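Participant: Contents of model25.cif (mmCIF, C-alpha atoms) are given next:
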data_model
loop_
_atom_site.group_PDB
_atom_site.id
_atom_site.type_symbol
_atom_site.label_atom_id
_atom_site.label_comp_id
_atom_site.auth_asym_id
_atom_site.auth_seq_id
_atom_site.Cartn_x
_atom_site.Cartn_y
_atom_site.Cartn_z
ATOM 1 C CA MET A 1 95.663 69.132 11.875
ATOM 2 C CA VAL A 2 98.019 68.645 14.783
ATOM 3 C CA GLN A 3 100.667 66.019 14.144
ATOM 4 C CA GLU A 4 100.260 62.838 16.168
ATOM 5 C CA GLU A 5 103.817 63.073 17.549
ATOM 6 C CA ILE A 6 103.035 66.517 19.040
ATOM 7 C CA ILE A 7 99.948 65.149 20.785
ATOM 8 C CA LEU A 8 101.900 62.152 22.099
ATOM 9 C CA GLY A 9 104.653 64.487 23.310
ATOM 10 C CA CYS A 10 102.099 66.650 25.108
ATOM 11 C CA LYS A 11 100.736 63.558 26.843
ATOM 12 C CA ARG A 12 104.302 62.863 28.059
ATOM 13 C CA LYS A 13 104.488 66.524 29.189
ATOM 14 C CA ASP A 14 107.359 67.171 26.770
ATOM 15 C CA ARG A 15 108.008 70.943 26.737
ATOM 16 C CA LYS A 16 108.981 71.087 23.048
ATOM 17 C CA SER A 17 105.766 69.327 22.052
ATOM 18 C CA GLN A 18 103.733 71.632 24.284
ATOM 19 C CA ARG A 19 105.426 74.623 22.665
ATOM 20 C CA ALA A 20 104.629 73.281 19.183
ATOM 21 C CA PHE A 21 101.032 72.660 20.250
ATOM 22 C CA TYR A 22 100.805 76.213 21.649
ATOM 23 C CA GLU A 23 102.097 77.625 18.359
ATOM 24 C CA PHE A 24 99.452 75.615 16.507
ATOM 25 C CA CYS A 25 96.658 76.785 18.840
ATOM 26 C CA TYR A 26 97.714 80.418 19.170
ATOM 27 C CA PRO A 27 96.312 81.871 15.910
ATOM 28 C CA ILE A 28 92.991 80.069 16.376
ATOM 29 C CA LEU A 29 92.613 81.187 19.986
ATOM 30 C CA ALA A 30 93.798 84.716 19.166
ATOM 31 C CA ARG A 31 90.954 85.119 16.650
ATOM 32 C CA VAL A 32 88.471 84.017 19.306
ATOM 33 C CA GLY A 33 90.048 86.311 21.881
ATOM 34 C CA TYR A 34 89.965 89.301 19.560
ATOM 35 C CA ARG A 35 86.230 88.885 19.056
ATOM 36 C CA TYR A 36 85.349 88.456 22.727
ATOM 37 C CA ALA A 37 87.862 90.623 24.603
ATOM 38 C CA LYS A 38 88.112 94.379 25.097
ATOM 39 C CA ASN A 39 91.887 94.649 25.247
ATOM 40 C CA ASP A 40 95.144 92.782 24.682
ATOM 41 C CA ASP A 41 95.342 91.563 28.286
ATOM 42 C CA GLU A 42 91.935 89.915 28.039
ATOM 43 C CA ILE A 43 92.835 88.381 24.674
ATOM 44 C CA GLN A 44 95.970 86.872 26.199
ATOM 45 C CA GLU A 45 93.980 85.623 29.189
ATOM 46 C CA ILE A 46 91.548 83.802 26.884
ATOM 47 C CA ILE A 47 94.425 82.301 24.879
ATOM 48 C CA ASN A 48 96.341 81.106 27.929
ATOM 49 C CA GLU A 49 93.329 79.792 29.833
ATOM 50 C CA ALA A 50 92.004 77.932 26.780
ATOM 51 C CA PHE A 51 95.443 76.478 26.074
ATOM 52 C CA MET A 52 95.751 75.196 29.638
ATOM 53 C CA ARG A 53 92.331 73.539 29.322
ATOM 54 C CA LEU A 54 93.384 71.935 26.045
ATOM 55 C CA ILE A 55 96.609 70.596 27.557
ATOM 56 C CA LYS A 56 94.728 69.126 30.517
ATOM 57 C CA LYS A 57 92.369 67.311 28.134
ATOM 58 C CA ILE A 58 94.929 66.360 25.489
ATOM 59 C CA GLU A 59 93.791 62.699 25.600
ATOM 60 C CA ARG A 60 90.589 63.721 23.816
ATOM 61 C CA PHE A 61 92.450 64.709 20.660
ATOM 62 C CA GLU A 62 92.696 61.110 19.478
ATOM 63 C CA ASP A 63 88.960 60.489 19.850
ATOM 64 C CA LEU A 64 87.680 63.623 18.120
ATOM 65 C CA ASN A 65 84.951 63.307 15.520
ATOM 66 C CA ILE A 66 85.600 66.919 14.500
ATOM 67 C CA SER A 67 88.728 68.676 13.296
ATOM 68 C CA HIS A 68 91.364 69.740 15.781
ATOM 69 C CA GLU A 69 90.866 73.350 14.721
ATOM 70 C CA ALA A 70 87.139 73.191 15.498
ATOM 71 C CA TYR A 71 87.855 71.642 18.908
ATOM 72 C CA ILE A 72 90.406 74.361 19.705
ATOM 73 C CA TRP A 73 87.984 77.051 18.509
ATOM 74 C CA ARG A 74 85.218 75.655 20.736
ATOM 75 C CA ALA A 75 87.597 75.572 23.721
ATOM 76 C CA GLY A 76 88.427 79.235 23.085
ATOM 77 C CA VAL A 77 84.762 80.255 22.882
ATOM 78 C CA ASN A 78 83.894 78.309 26.042
ATOM 79 C CA THR A 79 86.827 79.892 27.862
ATOM 80 C CA ALA A 80 85.782 83.386 26.778
ATOM 81 C CA ILE A 81 82.252 82.736 28.044
ATOM 82 C CA ASP A 82 83.530 81.356 31.355
ATOM 83 C CA LEU A 83 85.805 84.359 31.866
ATOM 84 C CA PHE A 84 82.925 86.680 30.982
ATOM 85 C CA ARG A 85 80.718 85.004 33.597
ATOM 86 C CA LYS A 86 83.445 85.220 36.226
ATOM 87 C CA ALA A 87 83.897 88.965 35.749
ATOM 88 C CA LYS A 88 82.805 90.708 38.919
ATOM 89 C CA ASN A 89 80.594 93.160 37.056
ATOM 90 C CA TYR A 90 78.912 90.446 34.961
ATOM 91 C CA LYS A 91 75.632 90.487 36.858
ATOM 92 C CA GLU A 92 75.492 94.267 36.652
ATOM 93 C CA THR A 93 76.257 94.514 32.937
ATOM 94 C CA ILE A 94 73.847 91.804 31.831
ATOM 95 C CA ARG A 95 70.791 93.329 33.502
ATOM 96 C CA VAL A 96 68.468 95.431 31.455
ATOM 97 C CA ASN A 97 65.671 97.710 32.575
ATOM 98 C CA SER A 98 62.337 95.964 32.421
ATOM 99 C CA SER A 99 61.106 98.527 29.899
ATOM 100 C CA MET A 100 62.481 97.561 26.504
ATOM 101 C CA PRO A 101 62.346 100.068 23.648
ATOM 102 C CA ALA A 102 58.961 100.355 21.962
ATOM 103 C CA ASP A 103 60.486 99.784 18.515
ATOM 104 C CA TRP A 104 62.117 96.488 19.520
ATOM 105 C CA THR A 105 61.039 93.349 17.693
ATOM 106 C CA PRO A 106 62.809 90.058 18.371
ATOM 107 C CA MET A 107 63.316 89.065 14.760
ATOM 108 C CA GLU A 108 64.429 92.459 13.445
ATOM 109 C CA ALA A 109 67.516 92.033 11.324
ATOM 110 C CA ILE A 110 69.892 94.122 9.306
ATOM 111 C CA THR A 111 69.626 93.124 5.673
ATOM 112 C CA GLN A 112 72.565 93.036 3.309
ATOM 113 C CA ASN A 113 71.223 96.168 1.605
ATOM 114 C CA GLU A 114 71.158 98.057 4.896
ATOM 115 C CA MET A 115 74.699 97.051 5.786
ATOM 116 C CA ASP A 116 76.305 97.550 2.404
ATOM 117 C CA SER A 117 79.223 95.283 1.668
ATOM 118 C CA ALA A 118 81.435 98.365 1.305
ATOM 119 C CA ALA A 119 82.497 97.999 4.940
ATOM 120 C CA SER A 120 85.447 95.654 5.297
ATOM 121 C CA ALA A 121 85.668 92.777 7.754
ATOM 122 C CA ARG A 122 88.334 94.758 9.602
ATOM 123 C CA ASP A 123 85.929 97.706 10.013
ATOM 124 C CA ILE A 124 83.221 95.399 11.308
ATOM 125 C CA LEU A 125 85.513 93.676 13.819
ATOM 126 C CA LYS A 126 86.856 97.011 14.993
ATOM 127 C CA ILE A 127 83.331 98.276 15.611
ATOM 128 C CA MET A 128 82.358 95.046 17.349
ATOM 129 C CA THR A 129 85.079 95.620 19.937
ATOM 130 C CA THR A 130 83.410 98.908 20.905
ATOM 131 C CA LEU A 131 80.097 97.271 21.815
ATOM 132 C CA PRO A 132 79.263 96.845 25.510
ATOM 133 C CA GLU A 133 80.523 93.535 26.837
ATOM 134 C CA PRO A 134 77.296 91.499 27.168
ATOM 135 C CA THR A 135 75.997 92.806 23.857
ATOM 136 C CA ARG A 136 79.255 91.967 22.028
ATOM 137 C CA THR A 137 79.369 88.504 23.592
ATOM 138 C CA ILE A 138 75.823 87.670 22.547
ATOM 139 C CA LEU A 139 76.409 89.015 19.025
ATOM 140 C CA ASN A 140 79.493 86.793 18.720
ATOM 141 C CA LEU A 141 77.713 83.725 20.062
ATOM 142 C CA PHE A 142 74.665 84.162 17.832
ATOM 143 C CA ALA A 143 75.947 85.661 14.591
ATOM 144 C CA ILE A 144 79.417 84.156 14.356
ATOM 145 C CA ASP A 145 79.459 80.992 16.461
ATOM 146 C CA GLY A 146 75.912 79.978 15.511
ATOM 147 C CA TYR A 147 74.348 79.417 18.914
ATOM 148 C CA ALA A 148 70.583 79.738 19.320
ATOM 149 C CA HIS A 149 69.155 82.193 21.847
ATOM 150 C CA LYS A 150 68.057 79.303 24.064
ATOM 151 C CA GLU A 151 71.651 77.986 24.170
ATOM 152 C CA ILE A 152 73.041 81.473 24.814
ATOM 153 C CA GLY A 153 70.583 81.919 27.666
ATOM 154 C CA LYS A 154 71.741 78.674 29.280
ATOM 155 C CA MET A 155 75.433 79.530 28.798
ATOM 156 C CA LEU A 156 75.138 82.989 30.305
ATOM 157 C CA GLY A 157 72.407 82.250 32.829
ATOM 158 C CA ILE A 158 69.951 84.725 31.310
ATOM 159 C CA LYS A 159 66.498 84.516 29.765
ATOM 160 C CA GLU A 160 66.176 83.831 26.054
ATOM 161 C CA THR A 161 64.353 87.151 25.583
ATOM 162 C CA LEU A 162 67.268 89.043 27.111
ATOM 163 C CA SER A 163 69.608 87.368 24.638
ATOM 164 C CA ARG A 164 67.312 88.496 21.823
ATOM 165 C CA TRP A 165 67.248 92.025 23.227
ATOM 166 C CA HIS A 166 71.051 92.209 23.326
ATOM 167 C CA LEU A 167 71.255 90.931 19.748
ATOM 168 C CA HIS A 168 68.780 93.608 18.682
ATOM 169 C CA LYS A 169 70.852 96.216 20.526
ATOM 170 C CA ALA A 170 74.061 94.942 18.881
ATOM 171 C CA ARG A 171 72.557 95.065 15.410
ATOM 172 C CA LYS A 172 71.210 98.565 15.966
ATOM 173 C CA MET A 173 74.563 99.822 17.287
ATOM 174 C CA MET A 174 76.478 98.136 14.469
ATOM 175 C CA LYS A 175 74.153 99.662 11.889
ATOM 176 C CA GLU A 176 74.609 103.152 13.384
ATOM 177 C CA LYS A 177 78.389 102.819 13.549
ATOM 178 C CA LEU A 178 78.728 101.251 10.099
ATOM 179 C CA SER A 179 76.598 103.841 8.278
ATOM 180 C CA PRO A 180 79.321 106.529 8.158
ATOM 181 C CA ILE A 181 81.911 103.968 7.017
ATOM 182 C CA VAL A 182 79.671 102.655 4.276
ATOM 183 C CA ILE A 183 78.815 106.168 3.059
ATOM 184 C CA LYS A 184 82.451 107.213 3.210
ATOM 185 C CA THR A 185 83.548 104.136 1.248
ATOM 186 C CA ALA A 186 80.712 104.353 -1.277
ATOM 187 C CA TYR A 187 81.526 107.951 -2.164
ATOM 188 C CA GLY A 188 85.293 107.466 -2.108
ATOM 189 C CA GLU A 189 85.928 109.914 0.701
#
The structure in this file should be written as structure tokens.
Facilitator:
Amino acid sequence: MVQEEIILGCKRKDRKSQRAFYEFCYPILARVGYRYAKNDDEIQEIINEAFMRLIKKIERFEDLNISHEAYIWRAGVNTAIDLFRKAKNYKETIRVNSSMPADWTPMEAITQNEMDSAASARDILKIMTTLPEPTRTILNLFAIDGYAHKEIGKMLGIKETLSRWHLHKARKMMKEKLSPIVIKTAYGE
């Protein structure tokens, strides 16, 4: 929890308080940035943009019904989504051919048995960063941040079925990329 004196200092535009607030926010926003961005520059852009939004709305910190960390996390996710939408190739990357794969079913999921727990969280995050941008974003929003497909569709300006398709694609790609890691780990190679 952010100390009250830091929040009051930020309201007064005190640089030391803003620095302390930035240091508090940085690890939270960095975790969000790592999940949504392709490279270090994009991670830093998410962190800085989210921090500036937080500073501009610092008055809200006193009236929060949720923890400060959750509010900062949400600001980071919203910033990542906004930056994703602003990307000039967004409309091109989010489109999908009208013919979806014949084996696609909206509720298909990878079970725990299929994705053996032998893969570490670091392996999974590393693989997630290799997914195509819209697919990675939708996987993050659905699987990690807990948004429903309807909410994702509204956020990204796409149909709910397209969100489901990208999640299916993400799961399939993750399964393919995790299989060698799981086998390697299971057999001690």
Participant: Residues near Ile127 of chain A, anyone? I mean within 8 Å using all atoms listed in the file, not counting same-chain ones fewer than 3 positions away, as JSON, numbers by chain.
Facilitator: {"A": [123, 124, 130, 131, 174, 177, 178]}
Participant: Take the residues from that selection and put them in a file with C-alpha atoms, as a short mmCIF file (atom, residue, chain, number, x, y, z; two decimals), in the coordinates of the input.
Facilitator:
data_model
loop_
_atom_site.label_atom_id
_atom_site.label_comp_id
_atom_site.auth_asym_id
_atom_site.auth_seq_id
_atom_site.Cartn_x
_atom_site.Cartn_y
_atom_site.Cartn_z
CA ASP A 123 85.93 97.71 10.01
CA ILE A 124 83.22 95.40 11.31
CA THR A 130 83.41 98.91 20.90
CA LEU A 131 80.10 97.27 21.82
CA MET A 174 76.48 98.14 14.47
CA LYS A 177 78.39 102.82 13.55
CA LEU A 178 78.73 101.25 10.10
#
Participant: Go through segment 10-94 of chain A residue by residue and, counting all atoms listed in the file, keep those with an atom at most 12 Å from segment 145-169 of chain A; for each kept residue give the shortest atom pair and its distance in Å to one decimal, ordered by chain and increasing number, as JSON lines.
Facilitator:
{"residue": "A:Val32", "atom": "CA", "partner": "A:Asp145", "partner_atom": "CA", "distance": 9.9}
{"residue": "A:Arg35", "atom": "CA", "partner": "A:Asp145", "partner_atom": "CA", "distance": 10.7}
{"residue": "A:Tyr36", "atom": "CA", "partner": "A:Asp145", "partner_atom": "CA", "distance": 11.4}
{"residue": "A:Ala70", "atom": "CA", "partner": "A:Asp145", "partner_atom": "CA", "distance": 11.0}
{"residue": "A:Trp73", "atom": "CA", "partner": "A:Asp145", "partner_atom": "CA", "distance": 9.6}
{"residue": "A:Arg74", "atom": "CA", "partner": "A:Asp145", "partner_atom": "CA", "distance": 8.9}
{"residue": "A:Gly76", "atom": "CA", "partner": "A:Asp145", "partner_atom": "CA", "distance": 11.3}
{"residue": "A:Val77", "atom": "CA", "partner": "A:Asp145", "partner_atom": "CA", "distance": 8.4}
{"residue": "A:Asn78", "atom": "CA", "partner": "A:Met155", "partner_atom": "CA", "distance": 9.0}
{"residue": "A:Thr79", "atom": "CA", "partner": "A:Met155", "partner_atom": "CA", "distance": 11.4}
{"residue": "A:Ala80", "atom": "CA", "partner": "A:Leu156", "partner_atom": "CA", "distance": 11.2}
{"residue": "A:Ile81", "atom": "CA", "partner": "A:Leu156", "partner_atom": "CA", "distance": 7.5}
{"residue": "A:Asp82", "atom": "CA", "partner": "A:Leu156", "partner_atom": "CA", "distance": 8.6}
{"residue": "A:Leu83", "atom": "CA", "partner": "A:Leu156", "partner_atom": "CA", "distance": 10.9}
{"residue": "A:Phe84", "atom": "CA", "partner": "A:Leu156", "partner_atom": "CA", "distance": 8.6}
{"residue": "A:Arg85", "atom": "CA", "partner": "A:Leu156", "partner_atom": "CA", "distance": 6.8}
{"residue": "A:Lys86", "atom": "CA", "partner": "A:Leu156", "partner_atom": "CA", "distance": 10.4}
{"residue": "A:Ala87", "atom": "CA", "partner": "A:Leu156", "partner_atom": "CA", "distance": 11.9}
{"residue": "A:Tyr90", "atom": "CA", "partner": "A:Leu156", "partner_atom": "CA", "distance": 9.6}
{"residue": "A:Lys91", "atom": "CA", "partner": "A:Gly157", "partner_atom": "CA", "distance": 9.7}
{"residue": "A:Thr93", "atom": "CA", "partner": "A:His166", "partner_atom": "CA", "distance": 11.2}
{"residue": "A:Ile94", "atom": "CA", "partner": "A:Ile158", "partner_atom": "CA", "distance": 8.1}
Participant: Write out as a PDB file with C-alpha atoms, in the frame of the given file which residues come within 10 Å of Cys10 of chain A when counting all atoms listed in the file, dropping same-chain ones fewer than 3 positions away.
Facilitator:
ATOM      1  CA  GLU A   4     100.260  62.838  16.168  1.00  0.00           C
ATOM      2  CA  GLU A   5     103.817  63.073  17.549  1.00  0.00           C
ATOM      3  CA  ILE A   6     103.035  66.517  19.040  1.00  0.00           C
ATOM      4  CA  ILE A   7      99.948  65.149  20.785  1.00  0.00           C
ATOM      5  CA  LYS A  13     104.488  66.524  29.189  1.00  0.00           C
ATOM      6  CA  ASP A  14     107.359  67.171  26.770  1.00  0.00           C
ATOM      7  CA  ARG A  15     108.008  70.943  26.737  1.00  0.00           C
ATOM      8  CA  LYS A  16     108.981  71.087  23.048  1.00  0.00           C
ATOM      9  CA  SER A  17     105.766  69.327  22.052  1.00  0.00           C
ATOM     10  CA  GLN A  18     103.733  71.632  24.284  1.00  0.00           C
ATOM     11  CA  ARG A  19     105.426  74.623  22.665  1.00  0.00           C
ATOM     12  CA  ALA A  20     104.629  73.281  19.183  1.00  0.00           C
ATOM     13  CA  PHE A  21     101.032  72.660  20.250  1.00  0.00           C
ATOM     14  CA  ILE A  55      96.609  70.596  27.557  1.00  0.00           C
ATOM     15  CA  LYS A  56      94.728  69.126  30.517  1.00  0.00           C
ATOM     16  CA  ILE A  58      94.929  66.360  25.489  1.00  0.00           C
ATOM     17  CA  GLU A  59      93.791  62.699  25.600  1.00  0.00           C
TER      18      GLU A  59
END
Participant: Atom CA of Asn140 of chain A and atom CA of Phe51 of chain A, how far apart in Å?
Facilitator: 20.4 Å
Participant: Under the rule that only C-alpha atoms are counted, which of A:Ala37, A:Ser67, A:Lys57, A:Ile72 is the nearest residue to Pro132 of chain A?
Facilitator: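 Residue with the minimum atom-to-atom distance to Pro132 of chain A: A:Ala37.
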Participant: Tell me, in Å to one decimal, how far atom CA of Thr137 of chain A is from atom CA of Phe24 of chain A.
Facilitator: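 Between these atoms lies a distance of 24.9 Å.
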Participant: Rounded to one decimal, what separation in Å do you get between atom CA of Pro134 of chain A and atom CA of Gly33 of chain A?
Facilitator: 14.7 Å
